[in-house]
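Source file: query-v2.txt. Holds: compact mmCIF, C-alpha atoms.
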# COMPACT_ATOMS: atom_id res chain seq x y z
CA MET A 2 15.76 -28.08 14.07
CA THR A 3 16.70 -24.48 13.34
CA ARG A 4 14.65 -22.04 15.32
CA MET A 5 12.73 -19.35 13.50
CA LEU A 6 14.03 -16.59 15.75
CA GLU A 7 16.46 -16.72 18.61
CA VAL A 8 17.32 -13.67 20.66
CA ARG A 9 20.30 -14.76 22.73
CA GLY A 10 21.69 -12.70 25.63
CA LEU A 11 20.79 -9.52 23.78
CA ARG A 12 21.64 -6.26 25.49
CA LYS A 13 21.56 -2.69 24.33
CA ILE A 14 22.93 -0.01 26.60
CA TYR A 15 22.58 3.67 25.84
CA ARG A 16 24.98 5.87 27.76
CA ARG A 17 24.90 9.54 28.55
CA GLY A 18 27.94 10.29 26.42
CA LEU A 19 31.42 9.25 25.40
CA LEU A 20 33.01 10.54 28.60
CA ASP A 21 30.19 10.13 31.07
CA ARG A 22 29.43 6.42 30.77
CA THR A 23 26.38 6.45 33.03
CA PRO A 24 23.76 4.23 31.36
CA THR A 25 20.59 6.10 30.46
CA PHE A 26 18.66 3.13 29.09
CA GLN A 27 19.20 -0.60 29.03
CA LEU A 28 17.31 -3.26 27.14
CA SER A 29 17.83 -6.97 27.76
CA ALA A 30 16.12 -9.77 25.89
CA ASP A 31 16.44 -13.52 25.83
CA PHE A 32 13.77 -15.53 24.07
CA ALA A 33 13.22 -17.89 21.18
CA ILE A 34 10.34 -18.63 18.84
CA ASP A 35 10.57 -21.97 17.13
CA GLU A 36 7.79 -21.87 14.59
CA PRO A 37 5.77 -19.46 12.47
CA ALA A 38 3.43 -17.47 14.69
CA ILE A 39 1.73 -14.13 15.20
CA VAL A 40 3.27 -12.55 18.28
CA GLY A 41 1.67 -9.60 20.05
CA MET A 42 4.06 -7.10 21.57
CA MET A 43 3.04 -4.56 24.15
CA GLY A 44 4.50 -2.22 26.69
CA PRO A 45 4.40 1.39 27.84
CA ASN A 46 5.92 4.17 25.73
CA GLY A 47 9.67 4.32 26.10
CA SER A 48 9.94 0.75 27.36
CA GLY A 49 12.12 -0.34 24.45
CA LYS A 50 9.73 -1.92 21.92
CA THR A 51 11.04 -0.04 18.91
CA THR A 52 14.65 -0.59 20.03
CA LEU A 53 13.94 -4.31 20.19
CA PHE A 54 12.42 -4.19 16.69
CA GLU A 55 15.50 -2.37 15.42
CA LEU A 56 17.81 -4.92 17.01
CA VAL A 57 15.86 -7.81 15.48
CA THR A 58 15.91 -6.28 11.99
CA GLY A 59 19.60 -5.43 12.25
CA SER A 60 19.20 -1.66 11.85
CA ASN A 61 20.55 -1.05 15.36
CA ALA A 62 23.65 -2.83 16.70
CA PRO A 63 23.47 -4.60 20.07
CA THR A 64 25.95 -3.91 22.88
CA GLU A 65 26.16 -7.66 23.41
CA GLY A 66 24.34 -10.85 22.42
CA GLU A 67 22.96 -11.95 19.07
CA VAL A 68 19.82 -12.25 16.99
CA LEU A 69 19.52 -15.41 14.90
CA VAL A 70 16.91 -15.52 12.16
CA GLN A 71 16.59 -19.11 10.99
CA GLY A 72 20.04 -19.72 12.45
CA ARG A 73 21.66 -16.69 10.78
CA ASN A 74 23.12 -13.89 12.88
CA ILE A 75 21.42 -10.87 11.35
CA HIS A 76 24.15 -8.49 12.46
CA LYS A 77 26.62 -10.46 10.38
CA VAL A 78 24.51 -10.39 7.23
CA ARG A 79 25.31 -7.92 4.45
CA THR A 80 23.43 -4.67 5.15
CA ASP A 81 21.85 -4.69 1.70
CA GLN A 82 20.37 -8.14 2.34
CA ARG A 83 19.15 -7.83 5.94
CA ASP A 84 15.67 -6.94 4.73
CA ARG A 85 15.44 -10.41 3.21
CA LEU A 86 15.44 -11.79 6.74
CA ALA A 87 13.42 -9.26 8.69
CA ILE A 88 11.36 -6.18 7.85
CA HIS A 89 10.27 -3.39 10.17
CA TYR A 90 7.00 -1.82 9.04
CA HIS A 91 6.26 1.63 10.37
CA GLN A 92 2.69 2.86 10.45
CA SER A 93 2.39 3.04 6.72
CA TYR A 94 5.80 3.11 5.12
CA GLN A 95 8.97 1.13 5.53
CA VAL A 96 12.43 2.45 6.16
CA ARG A 97 15.48 0.36 5.53
CA HIS A 98 18.53 2.02 6.83
CA PHE A 99 21.43 -0.15 7.86
CA ARG A 100 24.91 0.72 8.95
CA SER A 101 27.81 -1.54 9.60
CA TYR A 102 31.49 -0.86 10.21
CA THR A 103 32.34 -4.11 8.47
CA PRO A 104 32.17 -3.88 4.67
CA ASN A 105 29.49 -6.00 2.98
CA LEU A 106 32.18 -8.00 1.25
CA LEU A 107 33.12 -9.58 4.57
CA LEU A 108 29.55 -10.22 5.68
CA ASP A 109 27.27 -13.20 5.00
CA ALA A 110 24.52 -13.52 2.39
CA ALA A 111 20.95 -13.57 3.68
CA GLY A 112 20.17 -16.94 2.12
CA SER A 113 16.51 -16.01 1.79
CA ALA A 114 14.54 -14.30 -0.97
CA TYR A 115 11.51 -13.10 0.96
CA PRO A 116 11.72 -11.94 4.59
CA LEU A 117 11.04 -14.46 7.34
CA VAL A 118 10.29 -12.04 10.15
CA HIS A 119 7.79 -9.20 9.74
CA LEU A 120 7.55 -6.62 12.49
CA PHE A 121 4.59 -4.24 12.43
CA ASP A 122 5.05 -1.15 14.55
CA GLU A 123 1.73 0.17 15.83
CA PRO A 124 -0.47 -0.29 12.78
CA GLN A 125 -3.39 2.11 12.88
CA PHE A 126 -6.45 0.22 13.96
CA ASN A 127 -9.74 2.05 13.76
CA THR A 128 -13.10 0.44 13.30
CA GLN A 129 -14.36 3.15 10.95
CA ASP A 130 -12.76 2.24 7.66
CA GLY A 131 -12.66 -1.54 7.74
CA TYR A 132 -8.94 -1.84 7.01
CA ILE A 133 -8.41 -3.78 10.26
CA GLY A 134 -9.91 -6.89 8.72
CA PHE A 135 -7.63 -6.66 5.68
CA MET A 136 -4.57 -6.15 7.85
CA LEU A 137 -5.45 -9.15 10.02
CA ASP A 138 -5.93 -11.26 6.89
CA PHE A 139 -2.48 -10.17 5.74
CA PHE A 140 -0.90 -11.22 9.05
CA ARG A 141 -2.61 -14.60 8.75
CA LYS A 142 -1.47 -14.98 5.16
CA LEU A 143 2.14 -14.32 6.13
CA ARG A 144 1.92 -16.82 8.96
CA ALA A 145 0.38 -19.42 6.66
CA GLN A 146 3.36 -18.88 4.35
CA GLY A 147 5.65 -19.85 7.20
CA ARG A 148 6.62 -16.35 8.40
CA LEU A 149 6.94 -14.95 11.86
CA VAL A 150 4.79 -11.87 12.47
CA PHE A 151 5.30 -9.40 15.31
CA LEU A 152 2.50 -7.01 15.99
CA CYS A 153 3.34 -4.10 18.24
CA VAL A 154 0.18 -2.53 19.59
CA HIS A 155 -0.59 0.19 22.04
CA PRO A 156 -4.10 -0.72 23.11
CA ASN A 157 -6.20 2.22 24.18
CA GLU A 158 -9.62 0.83 23.41
CA ARG A 159 -11.27 -2.46 24.26
CA PHE A 160 -11.48 -3.62 20.66
CA HIS A 161 -7.70 -3.33 20.38
CA LEU A 162 -7.46 -6.04 23.02
CA GLU A 163 -10.11 -7.97 21.10
CA ILE A 164 -7.92 -7.83 17.99
CA ILE A 165 -4.90 -9.01 19.95
CA GLU A 166 -6.82 -11.89 21.49
CA GLU A 167 -8.25 -12.84 18.08
CA ILE A 168 -5.01 -12.93 16.18
CA CYS A 169 -1.99 -13.33 18.47
CA GLU A 170 -0.80 -16.74 19.62
CA ARG A 171 2.09 -15.62 21.76
CA PHE A 172 3.02 -12.44 23.52
CA ILE A 173 5.95 -10.31 24.46
CA PHE A 174 5.67 -7.70 27.14
CA VAL A 175 8.33 -5.00 27.41
CA GLN A 176 8.66 -2.94 30.56
CA LYS A 177 11.57 -0.60 31.32
CA GLY A 178 13.90 -2.54 29.08
CA THR A 179 12.90 -5.96 30.42
CA VAL A 180 11.46 -8.34 27.85
CA THR A 181 9.09 -11.09 29.03
CA ALA A 182 7.83 -13.77 26.65
CA LEU A 183 4.38 -15.16 27.47
CA ASP A 184 2.88 -18.21 25.82
CA THR A 185 -0.85 -17.48 25.98
CA PHE A 186 -3.32 -14.64 26.23
CA ASP A 187 -4.22 -15.81 29.73
CA ALA A 188 -0.57 -15.72 30.75
CA LEU A 189 -0.43 -12.13 29.45
CA LEU A 190 -3.47 -11.16 31.49
CA ALA A 191 -1.92 -12.80 34.56
CA HIS A 192 1.41 -10.98 34.15
CA GLU A 193 1.38 -8.22 36.79
CA PRO A 194 3.12 -5.44 34.78
CA ALA A 195 0.79 -6.18 31.85
CA ARG A 196 -2.24 -5.92 34.16
CA ALA A 197 -1.06 -2.56 35.41
CA TYR A 198 -0.46 -1.41 31.83
CA LEU A 199 -3.82 -2.54 30.48
CA GLY A 200 -5.72 -1.19 33.49
CA THR A 201 -9.32 -0.45 32.61
CA LEU A 202 -9.10 -2.40 29.36
CA LEU A 203 -8.87 -5.69 31.25
CA PRO A 204 -11.89 -7.96 30.94
CA GLY A 205 -14.17 -7.33 33.90
CA ALA A 206 -12.58 -3.96 34.73
CA ARG A 207 -14.82 -0.94 34.85
CA PRO A 208 -14.01 1.55 32.11
CA MET B 12 -8.45 -12.73 -20.32
CA THR B 13 -5.86 -10.96 -18.20
CA LEU B 14 -5.12 -7.76 -20.08
CA PHE B 15 -2.72 -6.26 -17.57
CA GLN B 16 -0.50 -8.14 -15.14
CA ALA B 17 1.93 -6.58 -12.67
CA THR B 18 4.21 -8.97 -10.80
CA GLY B 19 6.53 -8.30 -7.87
CA LEU B 20 6.85 -4.55 -8.40
CA GLN B 21 9.28 -2.82 -6.10
CA LYS B 22 10.09 0.85 -5.76
CA ARG B 23 12.26 2.64 -3.27
CA PHE B 24 13.25 6.25 -2.87
CA GLY B 25 16.51 6.18 -0.93
CA ALA B 26 16.03 4.26 2.31
CA ARG B 27 12.27 4.53 1.99
CA VAL B 28 10.66 1.45 0.50
CA VAL B 29 7.38 2.65 -0.97
CA LEU B 30 6.40 -0.51 -2.81
CA GLU B 31 7.67 -3.85 -1.63
CA ASN B 32 5.96 -6.45 -3.73
CA ILE B 33 2.94 -5.45 -5.81
CA THR B 34 1.27 -8.21 -7.77
CA LEU B 35 -2.08 -7.63 -9.43
CA GLY B 36 -3.90 -8.72 -12.55
CA ILE B 37 -6.65 -6.86 -14.41
CA GLU B 38 -9.11 -8.80 -16.55
CA GLU B 39 -10.22 -7.33 -19.86
CA GLY B 40 -13.59 -5.59 -19.70
CA THR B 41 -13.68 -5.19 -15.93
CA VAL B 42 -13.37 -2.36 -13.44
CA HIS B 43 -10.47 -3.06 -11.13
CA GLY B 44 -10.13 -1.06 -7.93
CA ILE B 45 -6.98 -0.28 -6.00
CA MET B 46 -7.49 1.09 -2.53
CA GLY B 47 -5.48 1.69 0.58
CA PRO B 48 -5.02 4.07 3.49
CA ASN B 49 -3.08 7.33 3.11
CA GLY B 50 0.59 6.75 2.50
CA ALA B 51 0.09 3.12 1.50
CA GLY B 52 1.77 3.69 -1.85
CA LYS B 53 -1.30 3.99 -4.09
CA THR B 54 -0.09 6.90 -6.17
CA THR B 55 3.41 5.46 -6.57
CA CYS B 56 1.77 2.23 -7.65
CA PHE B 57 -0.29 4.17 -10.17
CA HIS B 58 2.83 5.90 -11.52
CA LEU B 59 4.52 2.53 -11.95
CA LEU B 60 1.55 0.90 -13.66
CA THR B 61 1.22 3.78 -16.12
CA GLY B 62 4.91 4.13 -16.83
CA HIS B 63 5.53 7.41 -15.01
CA HIS B 64 8.17 5.71 -12.85
CA ALA B 65 10.20 2.64 -13.74
CA PRO B 66 10.06 -0.10 -11.10
CA ASP B 67 13.31 -1.15 -9.37
CA ALA B 68 12.21 -4.76 -9.74
CA GLY B 69 9.26 -6.68 -11.17
CA SER B 70 7.43 -6.89 -14.47
CA ILE B 71 4.36 -5.31 -16.02
CA VAL B 72 2.83 -7.22 -18.90
CA PHE B 73 0.17 -5.50 -21.01
CA ALA B 74 -1.48 -7.50 -23.77
CA GLY B 75 1.37 -9.98 -23.75
CA ARG B 76 4.20 -7.45 -23.75
CA ASN B 77 6.52 -6.39 -20.93
CA ILE B 78 6.18 -2.63 -20.61
CA ALA B 79 8.10 -2.06 -17.36
CA GLY B 80 10.60 0.73 -17.87
CA LEU B 81 9.21 1.95 -21.22
CA PRO B 82 8.85 5.75 -21.41
CA PRO B 83 5.32 7.12 -20.80
CA HIS B 84 4.67 8.14 -24.41
CA ARG B 85 5.47 4.63 -25.68
CA ILE B 86 3.17 3.17 -23.06
CA ALA B 87 0.41 5.59 -24.05
CA ARG B 88 0.78 4.56 -27.68
CA LEU B 89 0.27 0.91 -26.75
CA GLY B 90 -3.22 1.71 -25.51
CA ILE B 91 -2.85 2.73 -21.87
CA ALA B 92 -4.43 6.03 -20.86
CA ARG B 93 -4.36 7.71 -17.49
CA SER B 94 -5.81 10.66 -15.66
CA PHE B 95 -4.02 12.80 -13.11
CA GLN B 96 -5.00 13.67 -9.57
CA ILE B 97 -4.34 17.29 -10.47
CA MET B 98 -6.26 18.09 -13.58
CA ASN B 99 -4.44 18.98 -16.76
CA LEU B 100 -6.72 20.93 -19.05
CA PHE B 101 -6.24 23.90 -21.35
CA ASP B 102 -8.31 26.54 -19.62
CA ASP B 103 -8.31 29.19 -22.33
CA THR B 104 -9.79 26.94 -24.97
CA VAL B 105 -13.23 25.63 -25.72
CA VAL B 106 -14.03 22.19 -24.32
CA ILE B 107 -13.78 20.29 -27.58
CA GLU B 108 -10.22 21.47 -28.25
CA ASN B 109 -8.94 19.51 -25.29
CA VAL B 110 -10.30 16.34 -26.84
CA LEU B 111 -9.28 17.21 -30.41
CA LEU B 112 -5.67 17.64 -29.38
CA ALA B 113 -5.67 14.19 -27.84
CA LEU B 114 -7.08 12.37 -30.89
CA PRO B 115 -4.42 10.23 -32.59
CA ALA B 116 -5.76 11.33 -35.99
CA PHE B 117 -5.30 14.97 -35.02
CA LYS B 118 -1.76 14.34 -33.87
CA ALA B 119 -1.05 12.65 -37.21
CA GLN B 120 -2.16 15.83 -38.99
CA THR B 121 0.00 18.29 -37.15
CA GLY B 122 3.08 17.21 -39.05
CA ARG B 123 1.56 18.22 -42.36
CA ILE B 124 1.76 21.69 -43.80
CA PHE B 125 -1.78 21.91 -45.12
CA GLY B 126 -3.54 19.96 -42.41
CA ASN B 127 -5.78 21.79 -40.01
CA GLY B 128 -7.46 19.55 -37.47
CA PHE B 129 -9.69 22.33 -36.22
CA ALA B 130 -11.37 22.59 -39.60
CA ASP B 131 -11.65 18.86 -40.27
CA ARG B 132 -15.25 17.75 -39.91
CA THR B 133 -14.44 14.08 -39.36
CA LEU B 134 -12.09 14.96 -36.50
CA ILE B 135 -14.64 17.26 -34.93
CA ASP B 136 -17.24 14.52 -35.18
CA ALA B 137 -14.84 12.07 -33.55
CA ALA B 138 -14.19 14.53 -30.70
CA LEU B 139 -17.92 15.12 -30.29
CA ALA B 140 -18.49 11.38 -30.08
CA VAL B 141 -15.96 11.16 -27.24
CA LEU B 142 -17.57 14.10 -25.45
CA ASP B 143 -20.93 12.44 -25.88
CA MET B 144 -19.63 9.34 -24.09
CA VAL B 145 -18.87 11.40 -20.99
CA GLY B 146 -22.05 13.47 -21.28
CA LEU B 147 -20.40 16.73 -22.36
CA ALA B 148 -21.54 16.96 -26.00
CA ASP B 149 -23.75 19.94 -25.15
CA SER B 150 -20.84 21.86 -23.64
CA ALA B 151 -18.48 21.15 -26.56
CA TRP B 152 -18.16 24.81 -27.56
CA SER B 153 -18.21 26.30 -24.05
CA LYS B 154 -15.10 27.76 -22.47
CA THR B 155 -13.17 25.09 -20.62
CA LYS B 156 -12.84 27.28 -17.54
CA SER B 157 -16.61 27.64 -17.32
CA LEU B 158 -17.07 23.93 -16.57
CA SER B 159 -18.05 22.79 -13.10
CA TYR B 160 -15.50 20.79 -11.16
CA GLY B 161 -17.36 17.54 -11.80
CA ASN B 162 -17.56 18.26 -15.53
CA ARG B 163 -13.87 19.10 -15.64
CA ARG B 164 -13.22 15.64 -14.29
CA ALA B 165 -15.50 14.16 -16.97
CA LEU B 166 -13.58 16.17 -19.58
CA GLU B 167 -10.34 14.83 -18.27
CA ILE B 168 -11.66 11.30 -18.71
CA ALA B 169 -12.72 12.29 -22.26
CA VAL B 170 -9.15 13.41 -22.96
CA ALA B 171 -7.91 10.01 -21.79
CA LEU B 172 -10.51 8.22 -23.95
CA ALA B 173 -9.65 10.29 -27.02
CA ALA B 174 -6.39 8.40 -27.27
CA GLU B 175 -8.46 5.26 -28.03
CA PRO B 176 -6.98 3.24 -25.18
CA ARG B 177 -7.68 -0.36 -24.27
CA ILE B 178 -7.28 0.37 -20.59
CA VAL B 179 -7.88 3.57 -18.66
CA PHE B 180 -6.30 4.32 -15.28
CA LEU B 181 -8.05 6.89 -13.12
CA ASP B 182 -6.24 8.31 -10.11
CA GLU B 183 -8.62 9.29 -7.28
CA PRO B 184 -11.32 10.49 -9.67
CA THR B 185 -13.65 11.45 -6.80
CA SER B 186 -11.17 13.76 -5.10
CA GLY B 187 -12.68 17.18 -4.63
CA LEU B 188 -16.10 16.11 -5.87
CA GLY B 189 -19.33 16.62 -3.95
CA VAL B 190 -22.00 13.97 -3.43
CA GLU B 191 -23.90 14.78 -6.64
CA ALA B 192 -20.80 14.93 -8.82
CA THR B 193 -19.51 11.67 -7.33
CA ARG B 194 -22.78 9.99 -8.18
CA ALA B 195 -22.64 11.34 -11.75
CA LEU B 196 -19.06 10.06 -12.06
CA ALA B 197 -20.08 6.60 -10.87
CA ALA B 198 -22.82 6.56 -13.52
CA LEU B 199 -20.28 7.62 -16.16
CA ILE B 200 -17.85 4.85 -15.21
CA ARG B 201 -20.68 2.32 -15.33
CA ARG B 202 -21.45 3.42 -18.90
CA LEU B 203 -17.80 3.23 -19.92
CA ARG B 204 -17.19 -0.23 -18.50
CA THR B 205 -18.90 -1.85 -21.49
CA ARG B 206 -16.25 -0.43 -23.83
CA TYR B 207 -13.08 -0.15 -21.78
CA THR B 208 -11.09 -1.88 -19.12
CA ILE B 209 -10.86 0.54 -16.21
CA CYS B 210 -8.53 0.67 -13.23
CA LEU B 211 -9.51 3.05 -10.43
CA ILE B 212 -7.31 4.13 -7.59
CA GLU B 213 -9.49 5.42 -4.79
CA HIS B 214 -9.49 6.15 -1.12
CA ASP B 215 -13.30 6.46 -1.15
CA MET B 216 -14.17 2.86 -0.34
CA ARG B 217 -17.89 3.25 -0.80
CA PHE B 218 -17.44 4.53 -4.32
CA LEU B 219 -15.15 1.65 -5.15
CA PHE B 220 -17.25 -1.07 -3.56
CA GLY B 221 -20.21 0.02 -5.65
CA LEU B 222 -18.30 -0.01 -8.94
CA ALA B 223 -15.42 -2.45 -9.02
CA ASP B 224 -15.49 -6.08 -10.13
CA ARG B 225 -12.35 -6.79 -8.13
CA ILE B 226 -10.38 -4.78 -5.63
CA SER B 227 -6.73 -4.97 -4.58
CA VAL B 228 -6.09 -3.51 -1.13
CA ILE B 229 -2.65 -1.93 -0.77
CA HIS B 230 -0.91 -1.29 2.51
CA TRP B 231 2.76 -1.18 3.47
CA GLY B 232 3.56 -1.21 -0.24
CA GLN B 233 2.03 -4.64 -0.78
CA VAL B 234 -1.28 -6.05 -1.89
CA ILE B 235 -2.49 -7.18 1.51
CA THR B 236 -5.71 -8.67 0.22
CA GLU B 237 -7.68 -8.94 -2.99
CA GLY B 238 -11.16 -10.02 -4.01
CA THR B 239 -14.63 -9.06 -5.18
CA PRO B 240 -16.44 -6.42 -3.12
CA ALA B 241 -18.67 -9.20 -1.74
CA GLU B 242 -15.66 -11.26 -0.66
CA LEU B 243 -14.06 -8.27 1.03
CA MET B 244 -17.33 -7.33 2.72
CA ALA B 245 -17.60 -10.79 4.22
CA ASN B 246 -14.72 -9.93 6.56
CA LYS B 247 -15.95 -9.57 10.12
CA TRP B 248 -14.12 -6.31 10.77
CA VAL B 249 -15.29 -4.79 7.51
CA ALA B 250 -18.84 -5.70 8.44
CA ARG B 251 -18.33 -3.80 11.71
CA SER B 252 -17.05 -0.69 9.99
CA SER B 253 -18.91 2.17 8.35
CA LEU B 254 -18.41 0.45 5.02
CA ARG B 255 -21.28 -1.86 5.76
CA GLU B 256 -23.77 0.80 4.68
CA ALA B 257 -21.87 1.36 1.47
CA VAL B 258 -23.27 -1.24 -0.88

Could I get this structure in the form of structure tokens?
Amino acid sequence: MTRMLEVRGLRKIYRRGLLDRTPTFQLSADFAIDEPAIVGMMGPNGSGKTTLFELVTGSNAPTEGEVLVQGRNIHKVRTDQRDRLAIHYHQSYQVRHFRSYTPNLLLDAAGSAYPLVHLFDEPQFNTQDGYIGFMLDFFRKLRAQGRLVFLCVHPNERFHLEIIEEICERFIFVQKGTVTALDTFDALLAHEPARAYLGTLLPGARP
Amino acid sequence: MTLFQATGLQKRFGARVVLENITLGIEEGTVHGIMGPNGAGKTTCFHLLTGHHAPDAGSIVFAGRNIAGLPPHRIARLGIARSFQIMNLFDDTVVIENVLLALPAFKAQTGRIFGNGFADRTLIDAALAVLDMVGLADSAWSKTKSLSYGNRRALEIAVALAAEPRIVFLDEPTSGLGVEATRALAALIRRLRTRYTICLIEHDMRFLFGLADRISVIHWGQVITEGTPAELMANKWVARSSLREAV
């Protein structure tokens, strides 16, 4: 069976400059998701969440490793068709900006009409306006249509954690460039860096 | 009957994808609401539906005819009228002139040498009838600039109605209106719904929930959910929000 998403030996290294090759930031990821799901992604600011999203959508090139969406290496797909495999949603708009040194003529076709992987970068959740419910319905609809949904959240209120528990089936925690895949909400709450990150939002903790 | 059907509309501006995949249908004789948070693509959607922008992909079928990509004046002639978020009125005229100028019969006259719409009693009566629909018959001969903000908005709707449309699109009609004026506008739209199909784009959810038969919620350039106000209200998170007190 072809896996929905496979992130294989992925590494992105940012260096200080062309001459001074001291790494300033490194991200490593190795995980796979076999079936449609809603995956919650969390981690402190600057830990590499957005970089990971960019690597998965093919808008940022990895230093090594590959990202396979339904068996297709996204970095070898024509730049004008990468958004048929994966889309990165910013808070309210979407930017598709791809670069590749290989001309599109030599790259593969996406082989898909509607994107398989949807990555939502910190959607604005506030309880005032009621849009949360509509957004959650949308994530569920995508999943029911056989898509893979990533939801990157930066919980700073208890109900954010409530949303995550309600809707996410799997989790990814990113800390200082290290990506940990966790299978359940309980596993997330047991993961030490996640506990430290969530702090007072943890169930039972005093606010 | 579905009077207006948009399918798979896409619009980008450079690398920025504003609308990804907009699909929505509007039934004849209903009020259809389109809502979404700031930056969701509502106004771009409105421009596409009313022919101001051509979509990059997708179709728009109005009364059985694909209108996607037709120029705005052709679309208007087919029976689609729209308002603007920024009001377009002739300030130095009297109220009725704004409506007169928009009447198709008046436009037909301007080509003739001896025609004078301003002196034609039947045209004036037609314009008065339109003003009466929006509750401005008494102000017909007042200076346009003397109208209150709420009445200006009503006049703008009258200008749209003067074109004898089958469907009227209103872009954020409550913007800038106070509580009283918003209430008066809601009453006006309720009166109009018996004669026209109306599509409202609004960020004021309460206003929309009280008026619309169906609502399409837009976010990230897509219709993320759609339903009657009651169906949308049934959502647990909506029930927890301030919208609960709306209806």

- Message: Just checking: using only C-alpha atoms, which residue out of A:Pro124, A:Gly49, A:Pro104, A:Gly59 ends up closest to Ala87 in chain A?
- Response: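 Closest to Ala87 in chain A of all the choices is A:Gly59.
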
- Task: Could you list, as a ChimeraX atom specification, the residues of chain A having an atom within 12 Å of chain B when counting only C-alpha atoms?
- Result: /A:60,80-81,84-85,88-100,114-116,119-122,124-143,160-161,163-164,167

- Residue contacts of Arg12 in chain A (10 Å, all atoms listed in the file) excluding same-chain residues fewer than 5 positions away, as a list of chain:residue names: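 Here the qualifying residues turn out to be A:Gln27, A:Leu28, A:Ser29, A:Ala30, A:Asp31, A:Leu53, A:Leu56, A:Ala62, A:Pro63, A:Thr64, A:Glu65, A:Gly66, A:Glu67, A:Gly178.
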
- Query: Near range 238-240 of chain B, counting all atoms listed in the file, which residues have an atom at most 8 Å away, once you skip same-chain residues fewer than 4 positions from it, shown as a list in words?
  - Reply: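 Returned residues: Phe220, Gly221, Ala223, Asp224, Arg225, Ile226, Ser227 and Met244 of chain B.
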
- Separation of CA of Lys13 in chain A from CA of Glu193 in chain A in Å: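 So the answer is 24.4 Å.
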
- Between CA of Thr58 in chain A and CA of Asn46 in chain A, what is the spacing in Å? 19.9 Å

- Counting all atoms listed in the file, the residue of B:Gly146, B:Gly36, B:Gly19, B:Gly44 that sits nearest Leu181 in chain B: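 That would be B:Gly44, the residue with the smallest distance to Leu181 in chain B.
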
- Which is closest to Ala87 in chain B among B:Val179, B:Ala68, B:Leu166, B:Ile45, if we use only C-alpha atoms? B:Val179

- Message: Please list, as an NGL selection string, the residues that have an atom at most 12 Å away from (-18.1, -5.1, -17.2) in the coordinates of this file, counting only C-alpha atoms.
- Response: :B and (37-43 or 200-210 or 222-225)

- Query: Can you tell me how far CA of Leu199 in chain A sits from CA of Pro156 in chain A, in Å to one decimal?
  - Reply: 7.6 Å

- Message: From the options B:Lys53, B:His63, B:Arg164, B:Lys118, which residue's atoms come nearest to Thr193 in chain B, counting all atoms listed in the file?
- Response: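 So, comparing all the options, the nearest one is B:Arg164.
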
- Pick out the closest residue to Phe151 in chain A from this set: A:Glu166, A:Glu7, A:Asp21, A:Glu123. Count all atoms listed in the file.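 When distances to Phe151 in chain A are compared using all atoms listed in the file, the smallest one comes from A:Glu123.
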
- Message: With only C-alpha atoms as the counted atoms, please give the residues lying no more than 12 Å from Leu203 in chain A, apart from itself and same-chain residues fewer than 3 positions off, as JSON, numbers by chain.
- Response: {"A": [156, 157, 158, 159, 160, 161, 162, 163, 166, 186, 187, 189, 190, 191, 192, 193, 195, 196, 197, 198, 199, 200, 206, 207, 208]}

Name the residues within 12 Å of (-6.9, 8.2, -26.5), counting only C-alpha atoms in the file's coordinates, and put them as a compact mmCIF listing (two decimals) with C-alpha atoms, in the coordinates of the input.
# COMPACT_ATOMS: atom_id res chain seq x y z
CA HIS B 84 4.67 8.14 -24.41
CA ILE B 86 3.17 3.17 -23.06
CA ALA B 87 0.41 5.59 -24.05
CA ARG B 88 0.78 4.56 -27.68
CA LEU B 89 0.27 0.91 -26.75
CA GLY B 90 -3.22 1.71 -25.51
CA ILE B 91 -2.85 2.73 -21.87
CA ALA B 92 -4.43 6.03 -20.86
CA ARG B 93 -4.36 7.71 -17.49
CA SER B 94 -5.81 10.66 -15.66
CA ASN B 109 -8.94 19.51 -25.29
CA VAL B 110 -10.30 16.34 -26.84
CA LEU B 111 -9.28 17.21 -30.41
CA LEU B 112 -5.67 17.64 -29.38
CA ALA B 113 -5.67 14.19 -27.84
CA LEU B 114 -7.08 12.37 -30.89
CA PRO B 115 -4.42 10.23 -32.59
CA ALA B 116 -5.76 11.33 -35.99
CA PHE B 117 -5.30 14.97 -35.02
CA LYS B 118 -1.76 14.34 -33.87
CA ALA B 137 -14.84 12.07 -33.55
CA ALA B 138 -14.19 14.53 -30.70
CA VAL B 141 -15.96 11.16 -27.24
CA GLU B 167 -10.34 14.83 -18.27
CA ILE B 168 -11.66 11.30 -18.71
CA ALA B 169 -12.72 12.29 -22.26
CA VAL B 170 -9.15 13.41 -22.96
CA ALA B 171 -7.91 10.01 -21.79
CA LEU B 172 -10.51 8.22 -23.95
CA ALA B 173 -9.65 10.29 -27.02
CA ALA B 174 -6.39 8.40 -27.27
CA GLU B 175 -8.46 5.26 -28.03
CA PRO B 176 -6.98 3.24 -25.18
CA ARG B 177 -7.68 -0.36 -24.27
CA ILE B 178 -7.28 0.37 -20.59
CA VAL B 179 -7.88 3.57 -18.66
CA PHE B 180 -6.30 4.32 -15.28
CA TYR B 207 -13.08 -0.15 -21.78
